[in-house]
>>> print(open('my_file05.cif').read())   # mmCIF, C-alpha atoms
data_query
loop_
_atom_site.label_atom_id
_atom_site.label_comp_id
_atom_site.auth_asym_id
_atom_site.auth_seq_id
_atom_site.Cartn_x
_atom_site.Cartn_y
_atom_site.Cartn_z
CA MET N 152 -183.71 -27.65 -43.98
CA ASN N 153 -180.13 -28.53 -43.20
CA PRO N 154 -179.97 -32.24 -42.36
CA ILE N 155 -176.86 -33.53 -40.64
CA LYS N 156 -174.98 -35.98 -42.82
CA PRO N 157 -173.21 -38.85 -41.07
CA ILE N 158 -169.45 -39.04 -40.84
CA LEU N 159 -167.65 -42.37 -40.92
CA VAL N 160 -164.60 -42.77 -38.71
CA LEU N 161 -162.46 -45.19 -40.66
CA PHE N 162 -159.80 -45.94 -38.07
CA LEU N 163 -157.72 -44.49 -35.28
CA LEU N 164 -154.03 -43.79 -35.60
CA THR N 165 -152.46 -44.28 -32.20
CA VAL N 166 -149.05 -45.04 -30.79
CA ALA N 167 -149.07 -47.22 -27.69
CA ALA N 168 -145.78 -46.08 -26.25
CA LEU N 169 -144.89 -44.68 -22.86
CA PRO N 170 -144.01 -40.98 -23.09
CA ALA N 171 -140.38 -40.12 -22.63
CA ARG N 172 -141.33 -37.04 -20.61
CA ALA N 173 -144.30 -35.71 -18.70
CA GLU N 174 -147.44 -35.90 -20.83
CA LEU N 175 -149.14 -32.68 -21.86
CA ARG N 176 -152.42 -32.39 -19.96
CA ILE N 177 -154.82 -29.57 -19.11
CA ASP N 178 -156.47 -29.52 -15.69
CA ILE N 179 -159.77 -27.75 -16.40
CA THR N 180 -160.88 -27.97 -12.77
CA ARG N 181 -158.43 -25.24 -11.75
CA GLY N 182 -159.54 -21.64 -11.37
CA THR N 183 -157.32 -20.36 -14.17
CA VAL N 184 -155.51 -22.29 -16.86
CA GLU N 185 -152.52 -21.14 -18.90
CA PRO N 186 -153.43 -21.82 -22.56
CA VAL N 187 -151.34 -24.48 -24.29
CA PRO N 188 -149.44 -23.10 -27.32
CA ILE N 189 -150.47 -25.30 -30.24
CA ALA N 190 -149.46 -25.13 -33.90
CA VAL N 191 -152.13 -26.11 -36.42
CA THR N 192 -150.81 -26.37 -39.97
CA ASP N 193 -153.00 -26.06 -43.06
CA PHE N 194 -154.11 -29.54 -44.06
CA LEU N 195 -152.17 -30.85 -47.05
CA SER N 196 -153.60 -31.92 -50.38
CA GLY N 197 -153.57 -35.69 -50.62
CA GLU N 198 -153.52 -35.43 -54.42
CA GLN N 199 -150.47 -33.20 -54.28
CA VAL N 200 -148.37 -35.53 -52.13
CA LYS N 201 -149.04 -38.73 -54.07
CA GLU N 202 -145.86 -40.46 -55.09
CA GLN N 203 -146.86 -40.49 -58.76
CA GLY N 204 -147.21 -36.72 -58.66
CA ALA N 205 -150.08 -34.35 -59.17
CA LYS N 206 -152.74 -35.45 -61.65
CA ASN N 207 -155.46 -32.86 -61.33
CA GLY N 208 -154.57 -29.24 -60.70
CA GLU N 209 -158.19 -28.25 -60.06
CA THR N 210 -158.58 -30.97 -57.41
CA ILE N 211 -155.33 -29.90 -55.76
CA GLN N 212 -156.50 -26.30 -55.47
CA LYS N 213 -159.83 -27.42 -54.04
CA GLU N 214 -158.10 -29.67 -51.52
CA LEU N 215 -155.65 -26.92 -50.52
CA GLU N 216 -158.46 -24.43 -49.99
CA LEU N 217 -160.46 -26.91 -47.90
CA GLY N 218 -157.28 -27.71 -45.98
CA ARG N 219 -156.86 -24.03 -45.07
CA GLN N 220 -160.52 -23.72 -44.07
CA ILE N 221 -160.48 -26.85 -41.90
CA ALA N 222 -157.34 -25.69 -40.08
CA ALA N 223 -158.88 -22.24 -39.52
CA VAL N 224 -162.03 -23.72 -37.93
CA ILE N 225 -159.96 -26.02 -35.69
CA LYS N 226 -157.84 -23.09 -34.50
CA ALA N 227 -160.88 -20.88 -33.87
CA ASN N 228 -162.59 -23.60 -31.82
CA LEU N 229 -159.53 -24.28 -29.69
CA GLU N 230 -158.81 -20.58 -29.14
CA ARG N 231 -162.40 -19.82 -28.05
CA SER N 232 -162.21 -22.56 -25.42
CA GLY N 233 -159.59 -20.48 -23.61
CA LEU N 234 -157.44 -23.60 -23.13
CA PHE N 235 -155.30 -23.28 -26.24
CA LYS N 236 -153.24 -20.53 -27.89
CA PRO N 237 -152.74 -21.22 -31.61
CA THR N 238 -149.26 -20.31 -32.82
CA ASP N 239 -149.09 -17.61 -35.51
CA PRO N 240 -148.37 -19.40 -38.85
CA LYS N 241 -145.93 -16.60 -39.70
CA ALA N 242 -143.64 -18.06 -37.04
CA PHE N 243 -143.54 -21.52 -38.65
CA ILE N 244 -140.01 -22.43 -39.68
CA GLU N 245 -141.17 -25.06 -42.11
CA VAL N 246 -144.33 -26.76 -43.28
CA GLU N 247 -144.23 -30.54 -43.48
CA LYS N 248 -144.70 -32.01 -46.95
CA SER N 249 -146.24 -35.20 -45.60
CA ILE N 250 -147.89 -36.24 -42.34
CA GLY N 251 -146.45 -39.72 -42.75
CA ALA N 252 -143.05 -38.70 -41.41
CA LEU N 253 -142.07 -37.64 -37.90
CA PRO N 254 -142.11 -33.86 -37.49
CA LYS N 255 -138.88 -32.04 -36.79
CA PHE N 256 -139.88 -31.31 -33.21
CA ALA N 257 -137.02 -28.89 -32.57
CA ASN N 258 -138.41 -26.56 -35.23
CA TRP N 259 -141.72 -26.38 -33.36
CA ARG N 260 -140.22 -26.09 -29.87
CA VAL N 261 -138.06 -23.14 -30.85
CA ILE N 262 -141.17 -21.09 -31.76
CA GLY N 263 -142.83 -21.96 -28.44
CA SER N 264 -145.34 -24.59 -29.58
CA GLN N 265 -145.99 -27.42 -27.15
CA ALA N 266 -148.33 -29.34 -29.46
CA LEU N 267 -148.69 -29.77 -33.20
CA THR N 268 -151.69 -30.72 -35.33
CA GLN N 269 -151.20 -31.78 -38.95
CA GLY N 270 -153.64 -33.06 -41.51
CA GLN N 271 -154.19 -34.23 -45.04
CA ILE N 272 -157.32 -34.38 -47.19
CA ARG N 273 -158.38 -36.18 -50.35
CA ILE N 274 -161.38 -35.54 -52.58
CA ASP N 275 -162.41 -38.67 -54.45
CA GLY N 276 -165.14 -39.05 -57.02
CA GLY N 277 -165.92 -35.36 -56.93
CA ASN N 278 -167.91 -35.48 -53.70
CA ARG N 279 -166.23 -37.81 -51.22
CA LEU N 280 -163.90 -36.26 -48.67
CA ARG N 281 -161.27 -38.17 -46.73
CA VAL N 282 -159.58 -36.31 -43.87
CA GLU N 283 -156.67 -37.57 -41.77
CA PHE N 284 -155.16 -35.71 -38.85
CA ARG N 285 -152.45 -36.30 -36.25
CA LEU N 286 -151.74 -34.61 -32.93
CA TRP N 287 -148.19 -34.52 -31.56
CA ASP N 288 -146.74 -33.68 -28.16
CA VAL N 289 -143.85 -31.47 -29.25
CA VAL N 290 -142.18 -31.41 -25.83
CA ALA N 291 -142.17 -35.19 -25.29
CA GLU N 292 -141.85 -35.89 -29.05
CA GLU N 293 -144.77 -38.31 -28.84
CA HIS N 294 -147.77 -39.04 -31.03
CA MET N 295 -150.94 -38.31 -29.05
CA VAL N 296 -153.87 -39.22 -31.33
CA GLY N 297 -154.74 -39.64 -34.99
CA GLN N 298 -157.97 -40.26 -36.83
CA VAL N 299 -159.33 -40.62 -40.36
CA TYR N 300 -162.82 -39.56 -41.46
CA SER N 301 -164.82 -40.05 -44.63
CA THR N 302 -167.88 -38.02 -45.57
CA VAL N 303 -169.29 -35.78 -48.31
CA VAL N 304 -167.40 -32.60 -49.15
CA SER N 305 -170.18 -30.35 -47.85
CA ASN N 306 -169.60 -31.80 -44.37
CA TRP N 307 -166.08 -30.38 -44.04
CA ARG N 308 -167.00 -28.00 -41.19
CA ARG N 309 -168.30 -30.90 -39.11
CA ILE N 310 -165.01 -32.71 -39.59
CA ALA N 311 -163.15 -29.63 -38.38
CA HIS N 312 -165.34 -29.52 -35.26
CA ILE N 313 -164.84 -33.25 -34.63
CA VAL N 314 -161.06 -32.89 -34.95
CA ALA N 315 -161.13 -29.99 -32.47
CA ASP N 316 -163.21 -32.15 -30.10
CA ALA N 317 -160.63 -34.96 -30.37
CA ILE N 318 -157.81 -32.54 -29.50
CA TYR N 319 -159.80 -31.08 -26.60
CA MET N 320 -160.54 -34.55 -25.22
CA ARG N 321 -156.94 -35.73 -25.56
CA PHE N 322 -155.66 -32.79 -23.53
CA THR N 323 -158.41 -32.53 -20.89
CA GLY N 324 -159.82 -36.04 -20.58
CA GLU N 325 -163.27 -34.47 -21.07
CA THR N 326 -165.64 -34.76 -24.02
CA GLY N 327 -165.50 -31.77 -26.35
CA TYR N 328 -168.42 -29.57 -27.35
CA PHE N 329 -167.52 -28.13 -30.76
CA ASP N 330 -169.62 -30.51 -32.90
CA THR N 331 -172.89 -29.09 -31.59
CA ARG N 332 -175.64 -26.67 -32.56
CA ILE N 333 -177.48 -23.80 -30.92
CA VAL N 334 -181.16 -22.99 -31.32
CA TYR N 335 -182.23 -19.51 -30.18
CA ILE N 336 -184.69 -16.66 -30.69
CA ALA N 337 -183.56 -14.19 -33.38
CA GLU N 338 -185.02 -10.73 -32.73
CA THR N 339 -185.51 -7.76 -35.06
CA GLY N 340 -187.65 -4.64 -35.22
CA ARG N 341 -188.79 -1.96 -32.79
CA GLN N 342 -189.11 -2.79 -29.12
CA ASP N 343 -192.90 -2.36 -29.24
CA ARG N 344 -193.22 -4.51 -32.41
CA ARG N 345 -190.54 -7.11 -31.95
CA VAL N 346 -190.31 -9.90 -34.53
CA LYS N 347 -189.03 -13.14 -33.00
CA ARG N 348 -188.01 -16.08 -35.17
CA LEU N 349 -186.68 -19.50 -34.32
CA ALA N 350 -183.10 -19.83 -35.61
CA ILE N 351 -180.45 -22.53 -35.55
CA MET N 352 -176.69 -22.47 -36.11
CA ASP N 353 -173.47 -24.30 -35.31
CA GLN N 354 -171.99 -23.48 -31.90
CA ASP N 355 -169.52 -21.10 -33.58
CA GLY N 356 -172.29 -19.12 -35.31
CA GLU N 357 -171.84 -20.66 -38.77
CA ASN N 358 -174.47 -22.47 -40.89
CA HIS N 359 -177.10 -20.06 -39.61
CA HIS N 360 -180.68 -20.32 -40.85
CA PHE N 361 -184.22 -19.62 -39.67
CA LEU N 362 -186.78 -22.27 -38.77
CA THR N 363 -189.85 -20.01 -38.56
CA ASN N 364 -190.87 -16.98 -40.62
CA GLY N 365 -191.64 -14.52 -37.82
CA GLU N 366 -195.38 -14.29 -38.41
CA ASP N 367 -196.09 -15.68 -34.95
CA LEU N 368 -194.27 -14.97 -31.70
CA VAL N 369 -191.99 -17.86 -30.67
CA LEU N 370 -190.37 -18.44 -27.28
CA THR N 371 -188.18 -20.83 -25.29
CA PRO N 372 -186.88 -23.42 -27.78
CA ARG N 373 -185.26 -26.60 -26.44
CA PHE N 374 -183.64 -29.62 -28.13
CA SER N 375 -184.83 -33.17 -27.72
CA PRO N 376 -182.16 -35.65 -26.54
CA SER N 377 -182.00 -37.06 -30.08
CA GLN N 378 -181.56 -33.55 -31.56
CA GLN N 379 -184.07 -34.41 -34.25
CA GLU N 380 -186.80 -32.28 -32.68
CA ILE N 381 -187.15 -28.92 -30.95
CA THR N 382 -189.95 -28.05 -28.57
CA TYR N 383 -190.98 -24.43 -28.26
CA MET N 384 -193.90 -22.11 -27.56
CA SER N 385 -195.68 -20.09 -30.22
CA TYR N 386 -198.54 -17.64 -29.93
CA PHE N 387 -200.76 -18.37 -32.91
CA GLY N 388 -203.62 -15.92 -33.00
CA GLY N 389 -202.73 -14.85 -29.49
CA VAL N 390 -203.17 -18.38 -28.11
CA PRO N 391 -200.09 -20.08 -26.62
CA ARG N 392 -199.37 -23.49 -28.10
CA VAL N 393 -196.58 -25.97 -27.56
CA TYR N 394 -195.00 -27.21 -30.78
CA LEU N 395 -192.64 -29.98 -31.81
CA PHE N 396 -190.45 -29.05 -34.78
CA ASN N 397 -188.63 -31.75 -36.76
CA ILE N 398 -185.31 -30.22 -37.87
CA ASP N 399 -184.70 -32.62 -40.75
CA THR N 400 -188.16 -32.44 -42.32
CA GLY N 401 -189.41 -29.03 -41.17
CA ARG N 402 -192.63 -30.63 -39.96
CA GLN N 403 -194.36 -28.86 -37.05
CA GLU N 404 -196.75 -30.61 -34.70
CA VAL N 405 -198.98 -29.01 -32.08
CA LEU N 406 -198.76 -30.74 -28.73
CA GLY N 407 -201.72 -28.84 -27.37
CA ASP N 408 -203.22 -25.50 -26.35
CA PHE N 409 -202.10 -24.59 -22.85
CA PRO N 410 -203.40 -21.16 -21.83
CA GLY N 411 -201.30 -19.36 -19.23
CA MET N 412 -198.08 -21.34 -19.76
CA THR N 413 -195.22 -19.28 -18.39
CA PHE N 414 -192.05 -21.22 -19.13
CA ALA N 415 -190.46 -23.44 -21.73
CA PRO N 416 -191.58 -26.98 -22.29
CA ARG N 417 -188.55 -29.22 -21.86
CA PHE N 418 -187.86 -32.83 -22.75
CA SER N 419 -187.17 -35.59 -20.28
CA PRO N 420 -183.74 -37.23 -20.72
CA ASP N 421 -185.26 -40.21 -22.54
CA GLY N 422 -187.22 -37.91 -24.87
CA ASN N 423 -190.56 -39.55 -24.03
CA LYS N 424 -192.01 -36.71 -21.97
CA VAL N 425 -192.22 -32.95 -21.94
CA ILE N 426 -192.33 -31.10 -18.63
CA MET N 427 -193.89 -27.65 -18.38
CA SER N 428 -195.55 -25.11 -16.13
CA MET N 429 -199.21 -24.41 -16.77
CA ALA N 430 -201.83 -22.11 -15.27
CA ARG N 431 -204.98 -23.82 -14.07
CA ASP N 432 -207.65 -22.44 -11.76
CA GLY N 433 -205.69 -19.23 -11.30
CA ASN N 434 -202.45 -20.87 -10.22
CA THR N 435 -199.30 -22.10 -12.01
CA GLU N 436 -198.23 -25.69 -11.41
CA LEU N 437 -195.89 -28.23 -13.02
CA PHE N 438 -197.16 -30.87 -15.43
CA THR N 439 -195.73 -33.56 -17.69
CA MET N 440 -197.07 -34.78 -21.02
CA ASP N 441 -196.29 -38.26 -22.32
CA LEU N 442 -195.43 -37.74 -26.00
CA ARG N 443 -196.60 -41.23 -26.91
CA THR N 444 -200.03 -41.13 -25.28
CA ARG N 445 -200.48 -37.31 -24.90
CA GLU N 446 -201.49 -37.99 -21.28
CA VAL N 447 -201.00 -34.93 -19.04
CA ARG N 448 -200.03 -35.48 -15.39
CA ARG N 449 -199.87 -32.89 -12.62
CA LEU N 450 -196.73 -32.92 -10.45
CA THR N 451 -197.18 -30.05 -7.97
CA ASN N 452 -200.16 -28.82 -5.99
CA HIS N 453 -199.36 -25.64 -4.08
CA SER N 454 -200.88 -22.19 -3.75
CA ALA N 455 -197.55 -20.63 -4.84
CA ILE N 456 -196.28 -20.28 -8.41
CA ASP N 457 -194.19 -23.30 -9.51
CA THR N 458 -192.42 -22.92 -12.85
CA GLY N 459 -189.18 -23.37 -14.83
CA PRO N 460 -188.80 -27.17 -14.37
CA TYR N 461 -185.75 -29.09 -15.59
CA TYR N 462 -184.90 -32.80 -15.28
CA SER N 463 -181.67 -34.17 -13.85
CA PRO N 464 -179.62 -36.14 -16.44
CA ASP N 465 -180.81 -39.47 -15.01
CA GLY N 466 -184.45 -38.35 -15.08
CA LYS N 467 -184.95 -39.14 -11.39
CA ARG N 468 -185.21 -35.57 -10.09
CA ILE N 469 -186.51 -32.18 -11.17
CA VAL N 470 -185.26 -28.71 -10.27
CA PHE N 471 -187.72 -25.81 -10.49
CA GLU N 472 -188.35 -22.30 -9.21
CA SER N 473 -191.13 -21.34 -6.82
CA ASP N 474 -192.18 -18.51 -4.53
CA ARG N 475 -193.69 -20.89 -1.99
CA SER N 476 -191.22 -19.59 0.65
CA GLY N 477 -192.25 -15.98 -0.01
CA THR N 478 -189.51 -15.20 -2.55
CA GLN N 479 -188.42 -16.73 -5.86
CA GLN N 480 -186.15 -19.67 -4.94
CA LEU N 481 -184.95 -23.00 -6.33
CA TYR N 482 -186.33 -26.39 -5.29
CA VAL N 483 -185.58 -30.02 -6.13
CA MET N 484 -188.07 -32.89 -6.04
CA ASN N 485 -188.39 -36.47 -7.20
CA ALA N 486 -189.64 -37.01 -10.75
CA ASP N 487 -193.06 -38.05 -9.38
CA GLY N 488 -193.48 -34.72 -7.56
CA ARG N 489 -192.65 -36.01 -4.09
CA GLY N 490 -189.89 -34.97 -1.72
CA VAL N 491 -189.80 -31.23 -2.49
CA LYS N 492 -186.73 -29.57 -0.96
CA ARG N 493 -185.48 -25.97 -1.18
CA ILE N 494 -181.82 -25.67 -2.27
CA SER N 495 -181.20 -21.90 -2.70
CA PHE N 496 -180.66 -19.80 0.42
CA GLY N 497 -178.52 -16.87 -0.72
CA ARG N 498 -179.64 -13.28 -0.90
CA GLY N 499 -181.79 -12.27 -3.84
CA ARG N 500 -184.11 -14.21 -6.13
CA TYR N 501 -183.29 -17.29 -8.22
CA ALA N 502 -184.73 -18.33 -11.58
CA THR N 503 -184.25 -20.40 -14.79
CA PRO N 504 -182.50 -23.43 -13.23
CA VAL N 505 -180.78 -25.83 -15.64
CA TRP N 506 -179.23 -29.12 -14.54
CA SER N 507 -175.73 -29.81 -15.85
CA PRO N 508 -175.37 -32.80 -18.23
CA ARG N 509 -172.78 -34.13 -15.76
CA GLY N 510 -175.36 -34.06 -12.96
CA ASP N 511 -173.08 -32.26 -10.52
CA LEU N 512 -174.18 -28.63 -10.89
CA ILE N 513 -177.25 -26.51 -11.51
CA ALA N 514 -176.92 -23.24 -13.42
CA PHE N 515 -179.31 -20.39 -12.64
CA THR N 516 -180.14 -16.72 -13.02
CA LYS N 517 -179.93 -14.63 -9.85
CA ILE N 518 -181.45 -11.19 -9.30
CA GLN N 519 -179.97 -9.14 -6.49
CA GLY N 520 -179.45 -5.44 -5.85
CA GLY N 521 -180.85 -4.42 -9.21
CA LYS N 522 -178.42 -6.65 -11.13
CA PHE N 523 -178.66 -10.02 -12.83
CA PHE N 524 -176.11 -12.81 -12.40
CA ILE N 525 -175.42 -16.18 -14.01
CA GLY N 526 -174.23 -18.67 -11.42
CA VAL N 527 -173.89 -22.33 -10.55
CA MET N 528 -174.41 -24.38 -7.39
CA LYS N 529 -174.12 -28.04 -6.51
CA ASN N 530 -177.31 -30.01 -6.87
CA ASP N 531 -177.84 -29.89 -3.10
CA GLY N 532 -177.56 -26.09 -3.10
CA THR N 533 -174.06 -25.82 -1.67
CA GLY N 534 -171.03 -24.22 -3.32
CA GLU N 535 -172.83 -21.32 -5.02
CA ARG N 536 -170.58 -19.37 -7.43
CA LEU N 537 -171.52 -16.36 -9.56
CA LEU N 538 -169.80 -16.42 -12.96
CA THR N 539 -170.90 -13.16 -14.61
CA ASP N 540 -173.31 -10.27 -14.14
CA GLY N 541 -174.95 -7.45 -16.05
CA PHE N 542 -177.95 -5.21 -16.55
CA LEU N 543 -179.78 -8.33 -17.75
CA VAL N 544 -178.18 -11.74 -18.13
CA GLU N 545 -180.50 -14.72 -18.34
CA SER N 546 -181.37 -18.17 -19.69
CA PRO N 547 -178.25 -20.29 -19.07
CA THR N 548 -177.83 -23.43 -21.17
CA TRP N 549 -175.09 -26.05 -20.81
CA ALA N 550 -172.63 -27.36 -23.36
CA PRO N 551 -172.97 -31.17 -23.50
CA ASN N 552 -169.72 -31.68 -21.55
CA GLY N 553 -170.98 -29.58 -18.61
CA ARG N 554 -167.95 -27.25 -18.69
CA VAL N 555 -169.30 -24.22 -20.60
CA ILE N 556 -172.52 -22.21 -20.26
CA MET N 557 -174.20 -20.03 -22.88
CA PHE N 558 -176.65 -17.24 -22.00
CA PHE N 559 -177.94 -13.96 -23.38
CA ARG N 560 -177.02 -10.45 -22.25
CA GLU N 561 -179.21 -7.40 -22.81
CA THR N 562 -177.80 -3.89 -22.59
CA PRO N 563 -179.75 -0.92 -21.15
CA GLY N 564 -182.02 0.90 -23.58
CA THR N 565 -180.76 4.01 -25.38
CA LYS N 566 -182.63 7.33 -25.41
CA ASP N 567 -184.77 6.13 -28.31
CA GLY N 568 -185.65 2.98 -26.40
CA ARG N 569 -183.49 0.56 -28.38
CA LYS N 570 -181.92 -2.36 -26.57
CA GLN N 571 -179.32 -4.86 -27.73
CA SER N 572 -179.44 -8.54 -26.88
CA ARG N 573 -176.52 -10.87 -27.63
CA LEU N 574 -175.41 -14.43 -26.86
CA TYR N 575 -172.33 -15.14 -24.74
CA SER N 576 -170.51 -18.20 -23.49
CA ILE N 577 -168.51 -18.58 -20.29
CA ASP N 578 -166.64 -21.52 -18.79
CA LEU N 579 -166.95 -22.68 -15.20
CA THR N 580 -163.87 -20.75 -14.13
CA GLY N 581 -165.67 -17.50 -14.97
CA PHE N 582 -162.53 -16.18 -16.70
CA ASN N 583 -163.31 -17.03 -20.34
CA GLU N 584 -166.39 -15.07 -21.43
CA ARG N 585 -166.90 -14.55 -25.18
CA GLU N 586 -169.63 -13.28 -27.46
CA VAL N 587 -171.24 -15.79 -29.80
CA VAL N 588 -171.78 -13.70 -32.91
CA THR N 589 -175.25 -13.74 -34.47
CA PRO N 590 -176.52 -11.71 -37.45
CA MET N 591 -179.12 -9.92 -35.29
CA ASP N 592 -180.28 -9.63 -31.70
CA ALA N 593 -180.50 -12.97 -29.96
CA SER N 594 -182.02 -14.41 -26.79
CA ASP N 595 -182.97 -17.64 -25.06
CA PRO N 596 -180.30 -20.02 -26.43
CA ALA N 597 -180.43 -23.79 -26.08
CA TRP N 598 -177.34 -25.97 -26.61
CA SER N 599 -177.69 -29.31 -28.37
CA PRO N 600 -176.06 -32.59 -27.35
CA LEU N 601 -173.09 -33.70 -29.43
CA ILE N 602 -174.24 -34.46 -32.96
CA PRO N 603 -174.29 -38.25 -33.44
#
>>> encode(input="my_file05.cif", output="structure tokens")
Amino acid sequence: MNPIKPILVLFLLTVAALPARAELRIDITRGTVEPVPIAVTDFLSGEQVKEQGAKNGETIQKELELGRQIAAVIKANLERSGLFKPTDPKAFIEVEKSIGALPKFANWRVIGSQALTQGQIRIDGGNRLRVEFRLWDVVAEEHMVGQVYSTVVSNWRRIAHIVADAIYMRFTGETGYFDTRIVYIAETGRQDRRVKRLAIMDQDGENHHFLTNGEDLVLTPRFSPSQQEITYMSYFGGVPRVYLFNIDTGRQEVLGDFPGMTFAPRFSPDGNKVIMSMARDGNTELFTMDLRTREVRRLTNHSAIDTGPYYSPDGKRIVFESDRSGTQQLYVMNADGRGVKRISFGRGRYATPVWSPRGDLIAFTKIQGGKFFIGVMKNDGTGERLLTDGFLVESPTWAPNGRVIMFFRETPGTKDGRKQSRLYSIDLTGFNEREVVTPMDASDPAWSPLIP
């Protein structure tokens, strides 16, 4: 297993001064955004810049290497967001020898950078890592934010993600999404003998490892609100079962045998319930299970197929898909099953609805004219927008800030029947679509909340 180690934020470094010029901000609600040119220098070695001089050459080299790696992860995160354009280090006129002094802002403006990120790291006691960073507005010559973190050395990637989140938040006013993980289905083998394993990784594809061995078919993984557990379906001996998987311990627990289940079990926002679709008496309805008492409660009672349920962030409403109107459409109801209301009225069929963590939008898959689309609509069904399309695009999942969606795209089969399935992310503008690299075919992603 790969338990998440805590990071201690020691203190914030801020300057409470009014900016001399207009503050750098990014309006992420606009249709297109011009990326902000930002310089990110390699983080300095704290041992190297001590006044008494270098004491340990091996420690210095280790700190310098970590400093380069941390800066590289920060730049990659910011660049993938589509909101930032890291400046090529070859253009740097000088590299600061200490982050304690004011930068020479003119040297950064002349190469086109509007913002500057600097950092310094220290390794103490062989395994303790202290990282300090500062963000500067180069145009206004103002300090924007600074933070210091302390953790174990092996946690350096998490620090890089957290720093990138702090930069993202300072520029946009929105919570970042870089310090998160993705659970998905890793696929290998022939199409008629597909091996599907549960896999987990950081949102940038790093720290990848498998949670199941592939002996049994696994489907539709989803995180609990606490991130400590994943719920998913597995066909053991051909019988569908719902499992809870503890990420830290590797312990698996069977929730129950539910023959005929068609869609993923998903947690309620408080983590106390799982909602699911289940076939009983020849029809598929929606049910909840209380994880404390294991009590199962039926929510819908209709002759049509009701499936794909998902809670609103406040837990008061549920969106689901149903063919009760004659075609596959989206509906919203109260958490107790009352007040069912159709919200999708466009052409085509709608499926896999997922409520945004912000509560304002619902992402979905749409099938129309032989093509698949990933789109969003307001939670009352208005304002439908299609973000991307393809031969097969499906299973949207939201970043925790509600600004980016991940999904999987499958390409048409080749002459020998092989298909390729990959993960992609796209922001709400629809202009920043990028592949999320995985070591093999991938499907059915689920995005975690921010790691606590």
>>> closest_atom_pairs(input="my_file05.cif", of="segment 509-563 of chain N", to="segment 370-384 of chain N", cutoff="12 Å", atoms="all atoms listed in the file", output="tab-separated table")
residue	atom	partner	partner_atom	distance
N:Ser546	CA	N:Thr371	CA	9.2
N:Pro547	CA	N:Thr371	CA	11.7
N:Thr548	CA	N:Arg373	CA	9.6
N:Trp549	CA	N:Arg373	CA	11.6
N:Pro551	CA	N:Pro376	CA	10.7
>>> atom_distance(input="my_file05.cif", atom1="atom CA of Asp316 of chain N", atom2="atom CA of Pro508 of chain N")
17.0 Å
>>> atom_distance(input="my_file05.cif", atom1="atom CA of Gln479 of chain N", atom2="atom CA of Gly433 of chain N")
18.3 Å
>>> atom_distance(input="my_file05.cif", atom1="atom CA of Phe396 of chain N", atom2="atom CA of Gly466 of chain N")
22.6 Å
>>> closest_atom_pairs(input="my_file05.cif", of="segment 303-359 of chain N", to="segment 211-235 of chain N", cutoff="10 Å", atoms="all atoms listed in the file", output="CSV")
residue,atom,partner,partner_atom,distance
N:Val304,CA,N:Leu217,CA,9.1
N:Trp307,CA,N:Ile221,CA,7.0
N:Arg308,CA,N:Ile221,CA,6.7
N:Arg309,CA,N:Ile221,CA,9.2
N:Ile310,CA,N:Ile221,CA,7.8
N:Ala311,CA,N:Ile221,CA,5.2
N:His312,CA,N:Ile225,CA,6.4
N:Ile313,CA,N:Ile225,CA,8.8
N:Val314,CA,N:Ile225,CA,7.0
N:Ala315,CA,N:Ile225,CA,5.2
N:Asp316,CA,N:Leu229,CA,8.7
N:Ile318,CA,N:Leu229,CA,8.4
N:Tyr319,CA,N:Leu229,CA,7.5
N:Phe322,CA,N:Leu234,CA,9.4
N:Thr323,CA,N:Leu234,CA,9.3
N:Gly327,CA,N:Ser232,CA,9.8
N:Tyr328,CA,N:Asn228,CA,9.5
N:Phe329,CA,N:Asn228,CA,6.8
N:Asp330,CA,N:Asn228,CA,9.9
N:Gln354,CA,N:Asn228,CA,9.4
N:Asp355,CA,N:Asn228,CA,7.6
>>> residues_around(input="my_file05.cif", residues="Thr533 of chain N", least_positions_apart="4", cutoff="10 Å", atoms="all atoms listed in the file", output="PyMOL selection string")
chain N and resi 494-496+512+527-529
>>> resolve_selection(input="my_file05.cif", expression="the PyMOL selection byres ((chain N and resi 465) around 12)", output="VMD selection string")
chain N and resid 419 to 422 461 to 464 466 to 469 485 to 486 506 to 511
>>> closest_residue(input="my_file05.cif", among="N:Thr503, N:Asn434, N:Thr302, N:Ser385", to="Glu472 of chain N", atoms="only C-alpha atoms")
N:Thr503
>>> resolve_selection(input="my_file05.cif", expression="the PyMOL selection byres ((chain N and resi 571-575) around 12)", output="ChimeraX atom specification")
/N:231,333-342,354-356,525,539-549,555-565,568-570,576-578,583-598
>>> resolve_selection(input="my_file05.cif", expression="the PyMOL selection byres ((chain N and resi 366) around 12)", output="PyMOL selection string")
chain N and resi 344-349+362-365+367-369+385-389
>>> build_atoms(input="my_file05.cif", residues="segment 548-552 of chain N", atoms="N, CA and C atoms", output="mmCIF file, in the coordinates of the input")
data_model
loop_
_atom_site.group_PDB
_atom_site.id
_atom_site.type_symbol
_atom_site.label_atom_id
_atom_site.label_comp_id
_atom_site.auth_asym_id
_atom_site.auth_seq_id
_atom_site.Cartn_x
_atom_site.Cartn_y
_atom_site.Cartn_z
ATOM 1 N N THR N 548 -177.693 -22.114 -20.546
ATOM 2 C CA THR N 548 -177.830 -23.430 -21.170
ATOM 3 C C THR N 548 -176.445 -24.055 -21.216
ATOM 4 N N TRP N 549 -176.365 -25.359 -20.959
ATOM 5 C CA TRP N 549 -175.090 -26.050 -20.810
ATOM 6 C C TRP N 549 -174.588 -26.626 -22.119
ATOM 7 N N ALA N 550 -173.272 -26.541 -22.336
ATOM 8 C CA ALA N 550 -172.630 -27.360 -23.360
ATOM 9 C C ALA N 550 -172.748 -28.820 -22.928
ATOM 10 N N PRO N 551 -172.742 -29.768 -23.867
ATOM 11 C CA PRO N 551 -172.970 -31.170 -23.500
ATOM 12 C C PRO N 551 -171.915 -31.776 -22.584
ATOM 13 N N ASN N 552 -170.726 -31.139 -22.469
ATOM 14 C CA ASN N 552 -169.720 -31.680 -21.550
ATOM 15 C C ASN N 552 -169.825 -31.066 -20.153
#
